[in-house]
Amino acid sequence: MTMEKTIMTAEPPTFHPNPSKPAYVPPAGAVDAHCHVFGPAARFPYAPERKYTPTDAPKEMLFSLRRHLGFTRSVIVQASCHGRDNAAMIDALEAEPETTRGVAVVAPSVSDEDLQMMDRAGVRGVRFNFLKRLVDTAPRDDFQRIAERVAELGWHVVVYFEMQDLPELEPFLRGLPTTVVVDHMGRPDVAAGADAAPFRAFVDMLEDEKFWVKVGCPERLTVEGPPYHDVVPFARNLVETYSDRVLWGTDWPHPNMKSHIPDDGLLVDLIPSIAPTPDLQRKLLVANPSRLYWGEM
């Protein structure tokens, strides 16, 4: 630990102070399947090894936004700024146990007791981060051992990588003993187009039914900027091709965003463009996340 990281000051907020009310009304029971809580740092300090220091975005703000956007449930994903200390995420799950589930980040040395505690709190997955700009190492042997342990609990693995790294990662991902959920469509190169070979290879990988994919986060992928129409062909391809294994989330409070502050209402209003029928919307927002995180068929 260095003193510089210990005293790192918070970056400006990356979440909108007054998001619009979306015109699109999600179906009853809709799930925001990818969001985060940060702090408050006075109660839940950020990890010394973090690469960024966010503005506090506690559970009360998340739950208020969820109601504003018309969603019923949330899946809270542990973000890298909190490292392997899942306390803030667990606190949010315990505050609303019926409407929240979680995805944790754990060390290989995590005890069985801690895993069982997290399971009781509503954790249903672990996240493996392969983005070099956000984590120092991505030790695959450790990830393999963690996956084997959480598979016994019926959990899945969430993976975050950039698409140029997929050819080298794919054999490892295929070998994991769990369902694998890919964050943010594998971060394709939107400028290259949805017909580019890397994205086609990613779509081909999803033929293996162990893989699910999150189709949100256009604000991170766009070249054109809001309202993110350049990202629609990628997400719509995945929703229409793998309708039973797609998820959607806001990514609130949009950690580590540099280009602009997204309007969460605008993100919700993009949903009918990527899931153009009521049946596809119901699968994306209700049926799929309810099956994966609440065990509802």
# chains A, B, ... in the order shown; residues from 1 in each chain; ligands from 1

$ residues_around --residues "Ala10 (chain A)" --least-positions-apart "5" --cutoff "8 Å" --atoms "only C-alpha atoms" --output "PyMOL selection string"
chain A and resi 52-55

$ select_by_dssp --residues "region 120-171 of chain A" --states "strand (DSSP E or B)" --output "ChimeraX atom specification"
/A:123-129,156-160

$ atom_distance --atom1 "CA of Ala194 (chain A)" --atom2 "CA of Thr241 (chain A)"
13.4 Å

$ residues_around --residues "region 202-208 of chain A" --least-positions-apart "3" --cutoff "12 Å" --atoms "only C-alpha atoms" --output "ChimeraX atom specification"
/A:161-167,169-171,173-175,179-182,185-189,194-199,211-214,234-246

$ atom_distance --atom1 "CA of Trp252 (chain A)" --atom2 "CA of Val150 (chain A)"
26.0 Å

$ residues_around --residues "Phe15 (chain A)" --least-positions-apart "3" --cutoff "12 Å" --atoms "only C-alpha atoms" --output "count of residues only"
31

$ select_by_dssp --residues "region 259-291 of chain A" --states "alpha helix (DSSP H)" --output "NGL selection string"
:A and (264-269 or 271-274 or 278-282 or 288-291)

$ write_last_selection --atoms "all heavy atoms" --output "compact mmCIF listing (two decimals), in the first residue's frame"
# COMPACT_ATOMS: atom_id res chain seq x y z
N ASP A 264 -29.65 8.08 -16.99
CA ASP A 264 -30.18 6.73 -16.84
C ASP A 264 -31.55 6.57 -17.48
O ASP A 264 -31.90 5.50 -17.95
CB ASP A 264 -30.23 6.35 -15.35
CG ASP A 264 -28.84 6.32 -14.74
OD1 ASP A 264 -28.15 5.30 -14.90
OD2 ASP A 264 -28.44 7.32 -14.13
N GLY A 265 -32.34 7.64 -17.49
CA GLY A 265 -33.62 7.57 -18.18
C GLY A 265 -33.45 7.33 -19.67
O GLY A 265 -34.21 6.56 -20.28
N LEU A 266 -32.45 7.95 -20.27
CA LEU A 266 -32.16 7.74 -21.68
C LEU A 266 -31.72 6.30 -21.93
O LEU A 266 -32.09 5.69 -22.95
CB LEU A 266 -31.06 8.71 -22.13
CG LEU A 266 -30.60 8.59 -23.59
CD1 LEU A 266 -31.74 8.90 -24.54
CD2 LEU A 266 -29.43 9.55 -23.84
N LEU A 267 -30.94 5.73 -21.01
CA LEU A 267 -30.52 4.34 -21.16
C LEU A 267 -31.73 3.40 -21.17
O LEU A 267 -31.80 2.46 -21.97
CB LEU A 267 -29.57 3.94 -20.02
CG LEU A 267 -28.25 4.70 -19.95
CD1 LEU A 267 -27.45 4.23 -18.73
CD2 LEU A 267 -27.43 4.52 -21.23
N VAL A 268 -32.69 3.66 -20.30
CA VAL A 268 -33.91 2.84 -20.26
C VAL A 268 -34.71 3.01 -21.55
O VAL A 268 -35.24 2.03 -22.09
CB VAL A 268 -34.75 3.20 -19.03
CG1 VAL A 268 -36.11 2.48 -19.06
CG2 VAL A 268 -34.02 2.86 -17.74
N ASP A 269 -34.76 4.22 -22.07
CA ASP A 269 -35.53 4.45 -23.29
C ASP A 269 -34.92 3.78 -24.52
O ASP A 269 -35.58 3.68 -25.56
CB ASP A 269 -35.68 5.95 -23.54
CG ASP A 269 -36.82 6.56 -22.75
OD1 ASP A 269 -37.78 5.81 -22.41
OD2 ASP A 269 -36.78 7.77 -22.44
N ILE A 271 -34.10 0.63 -24.50
CA ILE A 271 -34.43 -0.80 -24.42
C ILE A 271 -35.31 -1.26 -25.59
O ILE A 271 -35.04 -2.32 -26.18
CB ILE A 271 -35.06 -1.13 -23.05
CG1 ILE A 271 -33.99 -1.03 -21.95
CG2 ILE A 271 -35.69 -2.53 -23.06
CD1 ILE A 271 -34.54 -1.13 -20.54
N PRO A 272 -36.38 -0.55 -25.96
CA PRO A 272 -37.20 -1.05 -27.08
C PRO A 272 -36.44 -1.13 -28.40
O PRO A 272 -36.86 -1.87 -29.31
CB PRO A 272 -38.34 -0.03 -27.16
CG PRO A 272 -38.42 0.56 -25.79
CD PRO A 272 -36.99 0.62 -25.31
N SER A 273 -35.34 -0.40 -28.53
CA SER A 273 -34.55 -0.48 -29.76
C SER A 273 -33.74 -1.77 -29.82
O SER A 273 -33.48 -2.29 -30.90
CB SER A 273 -33.61 0.72 -29.87
OG SER A 273 -34.33 1.92 -29.98
N ILE A 274 -33.33 -2.29 -28.65
CA ILE A 274 -32.52 -3.51 -28.64
C ILE A 274 -33.37 -4.76 -28.40
O ILE A 274 -32.95 -5.86 -28.76
CB ILE A 274 -31.39 -3.42 -27.60
CG1 ILE A 274 -31.93 -3.40 -26.17
CG2 ILE A 274 -30.52 -2.20 -27.86
CD1 ILE A 274 -30.86 -3.48 -25.10
N PRO A 278 -42.57 -7.01 -27.03
CA PRO A 278 -42.86 -7.22 -25.61
C PRO A 278 -42.31 -8.54 -25.08
O PRO A 278 -41.86 -8.60 -23.92
CB PRO A 278 -44.39 -7.18 -25.55
CG PRO A 278 -44.79 -6.32 -26.71
CD PRO A 278 -43.80 -6.64 -27.79
N ASP A 279 -42.33 -9.59 -25.90
CA ASP A 279 -41.80 -10.88 -25.44
C ASP A 279 -40.30 -10.79 -25.19
O ASP A 279 -39.80 -11.30 -24.17
CB ASP A 279 -42.10 -11.96 -26.46
CG ASP A 279 -41.62 -13.33 -26.01
OD1 ASP A 279 -42.06 -13.79 -24.93
OD2 ASP A 279 -40.78 -13.94 -26.71
N LEU A 280 -39.57 -10.16 -26.10
CA LEU A 280 -38.13 -10.01 -25.91
C LEU A 280 -37.83 -9.13 -24.70
O LEU A 280 -36.89 -9.39 -23.94
CB LEU A 280 -37.48 -9.43 -27.16
CG LEU A 280 -37.38 -10.36 -28.36
CD1 LEU A 280 -36.86 -9.60 -29.59
CD2 LEU A 280 -36.48 -11.56 -28.07
N GLN A 281 -38.62 -8.09 -24.50
CA GLN A 281 -38.43 -7.22 -23.34
C GLN A 281 -38.68 -7.98 -22.04
O GLN A 281 -37.94 -7.83 -21.07
CB GLN A 281 -39.35 -6.01 -23.45
CG GLN A 281 -39.00 -5.10 -24.60
CD GLN A 281 -40.11 -4.13 -24.97
OE1 GLN A 281 -41.01 -3.88 -24.16
NE2 GLN A 281 -40.07 -3.60 -26.19
N ARG A 282 -39.71 -8.81 -22.03
CA ARG A 282 -40.02 -9.58 -20.82
C ARG A 282 -38.89 -10.56 -20.50
O ARG A 282 -38.50 -10.72 -19.34
CB ARG A 282 -41.34 -10.32 -21.00
CG ARG A 282 -41.81 -11.07 -19.75
CD ARG A 282 -43.00 -11.96 -20.05
NE ARG A 282 -42.64 -12.98 -21.03
CZ ARG A 282 -41.98 -14.11 -20.72
NH1 ARG A 282 -41.60 -14.34 -19.47
NH2 ARG A 282 -41.71 -14.98 -21.66
N ASN A 288 -35.31 -13.78 -17.61
CA ASN A 288 -33.93 -14.26 -17.54
C ASN A 288 -33.26 -13.92 -16.20
O ASN A 288 -32.71 -14.83 -15.55
CB ASN A 288 -33.11 -13.69 -18.70
CG ASN A 288 -33.59 -14.18 -20.05
OD1 ASN A 288 -34.35 -15.13 -20.14
ND2 ASN A 288 -33.14 -13.54 -21.11
N PRO A 289 -33.27 -12.65 -15.76
CA PRO A 289 -32.64 -12.38 -14.46
C PRO A 289 -33.35 -13.04 -13.30
O PRO A 289 -32.69 -13.44 -12.31
CB PRO A 289 -32.67 -10.85 -14.36
CG PRO A 289 -33.74 -10.43 -15.29
CD PRO A 289 -33.74 -11.41 -16.41
N SER A 290 -34.66 -13.19 -13.39
CA SER A 290 -35.38 -13.86 -12.30
C SER A 290 -34.98 -15.33 -12.20
O SER A 290 -34.88 -15.89 -11.10
CB SER A 290 -36.89 -13.74 -12.51
OG SER A 290 -37.31 -12.38 -12.43
N ARG A 291 -34.75 -15.95 -13.34
CA ARG A 291 -34.31 -17.36 -13.35
C ARG A 291 -32.89 -17.50 -12.81
O ARG A 291 -32.61 -18.38 -11.99
CB ARG A 291 -34.40 -17.90 -14.78
CG ARG A 291 -34.10 -19.40 -14.88
CD ARG A 291 -34.51 -19.92 -16.25
NE ARG A 291 -33.50 -19.70 -17.28
CZ ARG A 291 -33.60 -18.82 -18.28
NH1 ARG A 291 -34.66 -18.04 -18.38
NH2 ARG A 291 -32.64 -18.71 -19.19

$ atom_distance --atom1 "CA of Thr9 (chain A)" --atom2 "CA of His34 (chain A)"
25.7 Å

$ closest_residue --among "A:Asp119, A:Glu168, A:Asp183, A:Glu49" --to "Glu94 (chain A)" --atoms "only C-alpha atoms"
A:Asp119

$ residues_around --residues "Pro40 (chain A)" --least-positions-apart "2" --cutoff "6 Å" --atoms "only C-alpha atoms" --output "MDAnalysis selection string"
chainID A and resid 42:44 56 58

$ write_last_selection --atoms "N, CA and C atoms" --output "JSON list (two decimals), in the first residue's frame"
[["chain", "number", "residue", "atom", "x", "y", "z"],
["A", 42, "ALA", "N", -17.08, 6.63, 4.69],
["A", 42, "ALA", "CA", -16.91, 6.73, 6.13],
["A", 42, "ALA", "C", -17.29, 5.43, 6.83],
["A", 43, "ARG", "N", -18.16, 4.66, 6.20],
["A", 43, "ARG", "CA", -18.58, 3.37, 6.77],
["A", 43, "ARG", "C", -17.95, 2.20, 6.05],
["A", 44, "PHE", "N", -17.80, 2.32, 4.73],
["A", 44, "PHE", "CA", -17.25, 1.24, 3.91],
["A", 44, "PHE", "C", -16.07, 1.80, 3.09],
["A", 56, "ASP", "N", -19.20, 8.87, -3.33],
["A", 56, "ASP", "CA", -20.11, 7.95, -2.65],
["A", 56, "ASP", "C", -21.43, 7.84, -3.41],
["A", 58, "PRO", "N", -24.39, 5.45, -2.25],
["A", 58, "PRO", "CA", -24.86, 4.39, -1.35],
["A", 58, "PRO", "C", -26.18, 3.78, -1.80]]

$ closest_residue --among "A:Pro218, A:Pro48, A:Gly29, A:Pro139" --to "Gly83 (chain A)" --atoms "only C-alpha atoms"
A:Pro48

$ closest_residue --among "A:Val123, A:Ala88, A:Val105, A:Val110" --to "Tyr293 (chain A)" --atoms "only C-alpha atoms"
A:Val123

$ closest_residue --among "A:Leu221, A:Leu69, A:Leu292, A:Val158" --to "Pro26 (chain A)" --atoms "only C-alpha atoms"
A:Leu69

$ residues_around --residues "Val190 (chain A)" --least-positions-apart "5" --cutoff "8 Å" --atoms "only C-alpha atoms" --output "list of chain:residue names"
A:Leu221, A:Thr222, A:Val223, A:Asp230, A:Val231

$ residues_around --residues "Ser109 (chain A)" --least-positions-apart "6" --cutoff "12 Å" --atoms "only C-alpha atoms" --output "list in words"
Arg84, Leu115, Asp142, Phe143, Arg145, Ile146 and Arg149 of chain A
